[in-house]
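Next comes structure.txt, with compact mmCIF, C-alpha atoms.
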# COMPACT_ATOMS: atom_id res chain seq x y z
CA MET A 1055 -11.53 52.38 51.49
CA LEU A 1056 -13.00 55.11 49.30
CA VAL A 1057 -12.69 55.13 45.52
CA ASN A 1058 -12.95 58.34 43.53
CA ALA A 1059 -13.24 57.94 39.75
CA VAL A 1060 -13.31 61.05 37.59
CA MET A 1061 -13.59 61.51 33.83
CA TYR A 1062 -12.64 64.81 32.23
CA THR A 1063 -12.71 66.11 28.68
CA PHE A 1064 -10.56 68.96 27.39
CA PRO A 1065 -10.06 70.80 24.13
CA HIS A 1066 -7.48 68.90 22.07
CA ASP A 1067 -5.18 71.94 21.96
CA LYS A 1068 -5.00 71.88 25.80
CA ALA A 1069 -4.55 68.11 26.27
CA ASP A 1070 -0.73 68.08 26.40
CA GLN A 1071 -0.75 70.88 28.97
CA VAL A 1072 -3.36 69.02 31.00
CA GLU A 1073 -1.32 65.81 30.84
CA GLN A 1074 1.59 67.55 32.56
CA LEU A 1075 -0.73 68.98 35.23
CA PHE A 1076 -2.07 65.48 35.92
CA VAL A 1077 1.44 64.00 36.10
CA ASP A 1078 2.44 66.63 38.67
CA LEU A 1079 -0.80 66.19 40.60
CA ALA A 1080 -0.38 62.41 40.71
CA VAL A 1081 3.20 62.67 42.02
CA HIS A 1082 2.16 64.97 44.88
CA SER A 1083 -1.06 63.10 45.66
CA ARG A 1084 0.70 59.74 45.95
CA GLU A 1085 2.87 61.24 48.70
CA GLU A 1086 -0.17 61.96 50.89
CA PRO A 1087 -0.51 59.54 53.83
CA GLY A 1088 -4.19 58.79 53.09
CA CYS A 1089 -3.65 58.08 49.37
CA LEU A 1090 -3.61 54.37 48.56
CA ALA A 1091 -3.55 54.77 44.76
CA TYR A 1092 -3.72 57.60 42.24
CA GLU A 1093 -3.81 56.58 38.57
CA VAL A 1094 -4.39 58.77 35.53
CA ALA A 1095 -5.08 57.51 32.00
CA ARG A 1096 -5.36 59.49 28.78
CA GLY A 1097 -7.47 58.42 25.84
CA SER A 1098 -5.82 57.82 22.48
CA GLY A 1099 -6.60 58.94 18.96
CA ALA A 1100 -9.85 60.87 18.75
CA ASP A 1101 -10.20 60.51 22.54
CA SER A 1102 -6.85 62.12 23.38
CA GLY A 1103 -8.66 64.98 25.09
CA THR A 1104 -10.27 62.57 27.58
CA PHE A 1105 -8.59 61.74 30.88
CA MET A 1106 -9.67 59.25 33.52
CA LEU A 1107 -8.60 59.28 37.16
CA PHE A 1108 -8.87 56.35 39.51
CA GLU A 1109 -8.06 57.21 43.10
CA LYS A 1110 -8.16 55.13 46.28
CA TRP A 1111 -8.25 56.90 49.63
CA ARG A 1112 -8.15 55.53 53.15
CA ASP A 1113 -11.48 57.23 53.88
CA GLN A 1114 -13.47 60.44 53.27
CA ALA A 1115 -11.28 62.33 55.76
CA ALA A 1116 -8.18 61.50 53.68
CA LEU A 1117 -9.91 62.73 50.52
CA ASP A 1118 -10.98 65.90 52.31
CA GLU A 1119 -7.36 66.45 53.37
CA HIS A 1120 -6.32 66.00 49.73
CA TYR A 1121 -8.82 68.65 48.66
CA ALA A 1122 -7.26 71.08 51.16
CA THR A 1123 -3.68 70.68 49.90
CA GLU A 1124 -1.84 73.42 48.07
CA HIS A 1125 -1.01 71.12 45.15
CA PHE A 1126 -4.65 70.12 44.66
CA ARG A 1127 -5.79 73.75 44.65
CA ARG A 1128 -2.99 74.83 42.30
CA LEU A 1129 -2.93 71.88 39.88
CA GLY A 1130 -6.47 70.55 40.22
CA VAL A 1131 -8.89 73.37 40.94
CA ASN A 1132 -6.98 76.23 39.30
CA GLY A 1133 -5.35 74.10 36.60
CA VAL A 1134 -7.15 70.99 35.41
CA ARG A 1135 -10.71 72.01 36.33
CA HIS A 1136 -10.23 75.46 34.86
CA LEU A 1137 -9.35 73.94 31.46
CA ALA A 1138 -11.97 71.18 31.40
CA THR A 1139 -15.00 71.24 29.14
CA SER A 1140 -16.67 68.48 31.19
CA ARG A 1141 -16.12 66.59 34.43
CA HIS A 1142 -17.97 63.60 35.89
CA ALA A 1143 -16.98 62.19 39.28
CA VAL A 1144 -18.21 59.09 41.08
CA LYS A 1145 -17.26 58.21 44.67
CA GLY A 1146 -17.92 54.83 46.16
CA ASP A 1147 -16.70 51.90 48.18
CA LEU A 1148 -14.53 49.25 46.56
CA ILE A 1149 -16.51 46.01 46.30
CA ALA A 1150 -14.16 43.63 44.46
Would you mind giving the structure from this file in structure tokens?
Amino acid sequence: MLVNAVMYTFPHDKADQVEQLFVDLAVHSREEPGCLAYEVARGSGADSGTFMLFEKWRDQAALDEHYATEHFRRLGVNGVRHLATSRHAVKGDLIA
């Protein structure tokens, strides 16, 4: 199992728009056969422009398939990533 954890920051005036993009992306991603979990959290208060993703994928091939989907390109690459001021991703194997 592969875990993909990503932290994004966005301008506060874009955060509500980004939240809807993440909701839509999560709905579509969870329907993918290789997706075992897809969770998105939004910071509160002064951190409301920070979003954290925690994804579990069957393997790297499943994540690669996700990256090739229309919804990932539309909502992720051309939506979320386009609006982000920072992005930090960590991939790894679940150990506990």
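Using all atoms listed in the file, the smallest distance between any of A:Ala1122, A:Ala1100, A:Met1055, A:Leu1107 and Leu1148 (chain A) comes from A:Met1055.
One finds CA of Val1072 (chain A) at 16.3 Å from CA of His1142 (chain A).
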My list of candidates is A:Lys1068, A:Arg1096, A:His1120, A:Arg1084. Which is closest to His1136 (chain A) when distances are computed with all atoms listed in the file? A:Lys1068
Pick out the residues sitting within 10 Å of Gly1133 (chain A), and hand them over as a ChimeraX atom specification; count all atoms listed in the file, and ignore anything fewer than 3 positions along from it in its own chain. /A:1071-1072,1075-1076,1079,1126-1130,1136-1138
Who sits within 8 Å of Val1094 (chain A), all atoms listed in the file, same chain under 4 positions skipped, as JSON, numbers by chain: {"A": [1076, 1077, 1080, 1105, 1106, 1107, 1108]}
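Checking A:Ser1083, A:Thr1104, A:Ser1140, A:Gln1114 one by one against His1066 (chain A), counting all atoms listed in the file, you find the shortest gap at A:Thr1104.
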Draw an axis-aligned box tight on the listed atoms of region 1091-1105 of chain A, then pad every side by 8 Å and write out centre and edge lengths in Å to one decimal as JSON.
{"center_x": -6.9, "center_y": 59.9, "center_z": 31.8, "size_x": 22.7, "size_y": 26.2, "size_z": 42.0}
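Pairwise distance (CA of Pro1087 (chain A), CA of His1125 (chain A)) equals 14.5 Å.
CA of Leu1117 (chain A) lies 9.8 Å from CA of Glu1086 (chain A).
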For Thr1063 (chain A), the nearest of the candidates A:Val1081, A:Ala1095, A:Val1144, A:Ala1116, counting all atoms listed in the file: A:Ala1095
Of A:Val1131, A:Ile1149, A:Ala1069, A:Ala1143, the one sitting nearest Glu1109 (chain A) when using only C-alpha atoms is A:Ala1143
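Nearest residue to Lys1110 (chain A) among A:Val1134, A:Ala1150, A:Ala1091, A:Ala1059 is A:Ala1091, counting all atoms listed in the file.
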Would you mind completing region 1095-1108 of chain A so that it carries N, CA and C atoms, and writing it out as a PDB file, in the frame of the given file?
ATOM      1  N   ALA A1095      -5.194  58.045  33.360  1.00  0.00           N
ATOM      2  CA  ALA A1095      -5.080  57.510  32.000  1.00  0.00           C
ATOM      3  C   ALA A1095      -5.571  58.563  31.013  1.00  0.00           C
ATOM      4  N   ARG A1096      -4.957  58.572  29.847  1.00  0.00           N
ATOM      5  CA  ARG A1096      -5.360  59.490  28.780  1.00  0.00           C
ATOM      6  C   ARG A1096      -5.843  58.666  27.595  1.00  0.00           C
ATOM      7  N   GLY A1097      -6.960  59.084  27.023  1.00  0.00           N
ATOM      8  CA  GLY A1097      -7.470  58.420  25.840  1.00  0.00           C
ATOM      9  C   GLY A1097      -6.509  58.577  24.663  1.00  0.00           C
ATOM     10  N   SER A1098      -6.681  57.749  23.665  1.00  0.00           N
ATOM     11  CA  SER A1098      -5.820  57.820  22.480  1.00  0.00           C
ATOM     12  C   SER A1098      -6.639  58.202  21.259  1.00  0.00           C
ATOM     13  N   GLY A1099      -5.944  58.583  20.214  1.00  0.00           N
ATOM     14  CA  GLY A1099      -6.600  58.940  18.960  1.00  0.00           C
ATOM     15  C   GLY A1099      -7.593  60.078  19.140  1.00  0.00           C
ATOM     16  N   ALA A1100      -8.807  59.846  18.660  1.00  0.00           N
ATOM     17  CA  ALA A1100      -9.850  60.870  18.750  1.00  0.00           C
ATOM     18  C   ALA A1100     -10.232  61.196  20.194  1.00  0.00           C
ATOM     19  N   ASP A1101      -9.885  60.302  21.128  1.00  0.00           N
ATOM     20  CA  ASP A1101     -10.200  60.510  22.540  1.00  0.00           C
ATOM     21  C   ASP A1101      -9.037  61.090  23.336  1.00  0.00           C
ATOM     22  N   SER A1102      -8.044  61.638  22.675  1.00  0.00           N
ATOM     23  CA  SER A1102      -6.850  62.120  23.380  1.00  0.00           C
ATOM     24  C   SER A1102      -7.111  63.314  24.286  1.00  0.00           C
ATOM     25  N   GLY A1103      -8.275  63.903  24.190  1.00  0.00           N
ATOM     26  CA  GLY A1103      -8.660  64.980  25.090  1.00  0.00           C
ATOM     27  C   GLY A1103      -9.443  64.489  26.295  1.00  0.00           C
ATOM     28  N   THR A1104      -9.557  63.170  26.454  1.00  0.00           N
ATOM     29  CA  THR A1104     -10.270  62.570  27.580  1.00  0.00           C
ATOM     30  C   THR A1104      -9.273  61.961  28.549  1.00  0.00           C
ATOM     31  N   PHE A1105      -9.447  62.272  29.828  1.00  0.00           N
ATOM     32  CA  PHE A1105      -8.590  61.740  30.880  1.00  0.00           C
ATOM     33  C   PHE A1105      -9.462  61.081  31.931  1.00  0.00           C
ATOM     34  N   MET A1106      -8.948  59.984  32.484  1.00  0.00           N
ATOM     35  CA  MET A1106      -9.670  59.250  33.520  1.00  0.00           C
ATOM     36  C   MET A1106      -8.782  59.117  34.744  1.00  0.00           C
ATOM     37  N   LEU A1107      -9.327  59.440  35.905  1.00  0.00           N
ATOM     38  CA  LEU A1107      -8.600  59.280  37.160  1.00  0.00           C
ATOM     39  C   LEU A1107      -9.241  58.166  37.960  1.00  0.00           C
ATOM     40  N   PHE A1108      -8.399  57.377  38.602  1.00  0.00           N
ATOM     41  CA  PHE A1108      -8.870  56.350  39.510  1.00  0.00           C
ATOM     42  C   PHE A1108      -8.059  56.489  40.781  1.00  0.00           C
TER      43      PHE A1108
END
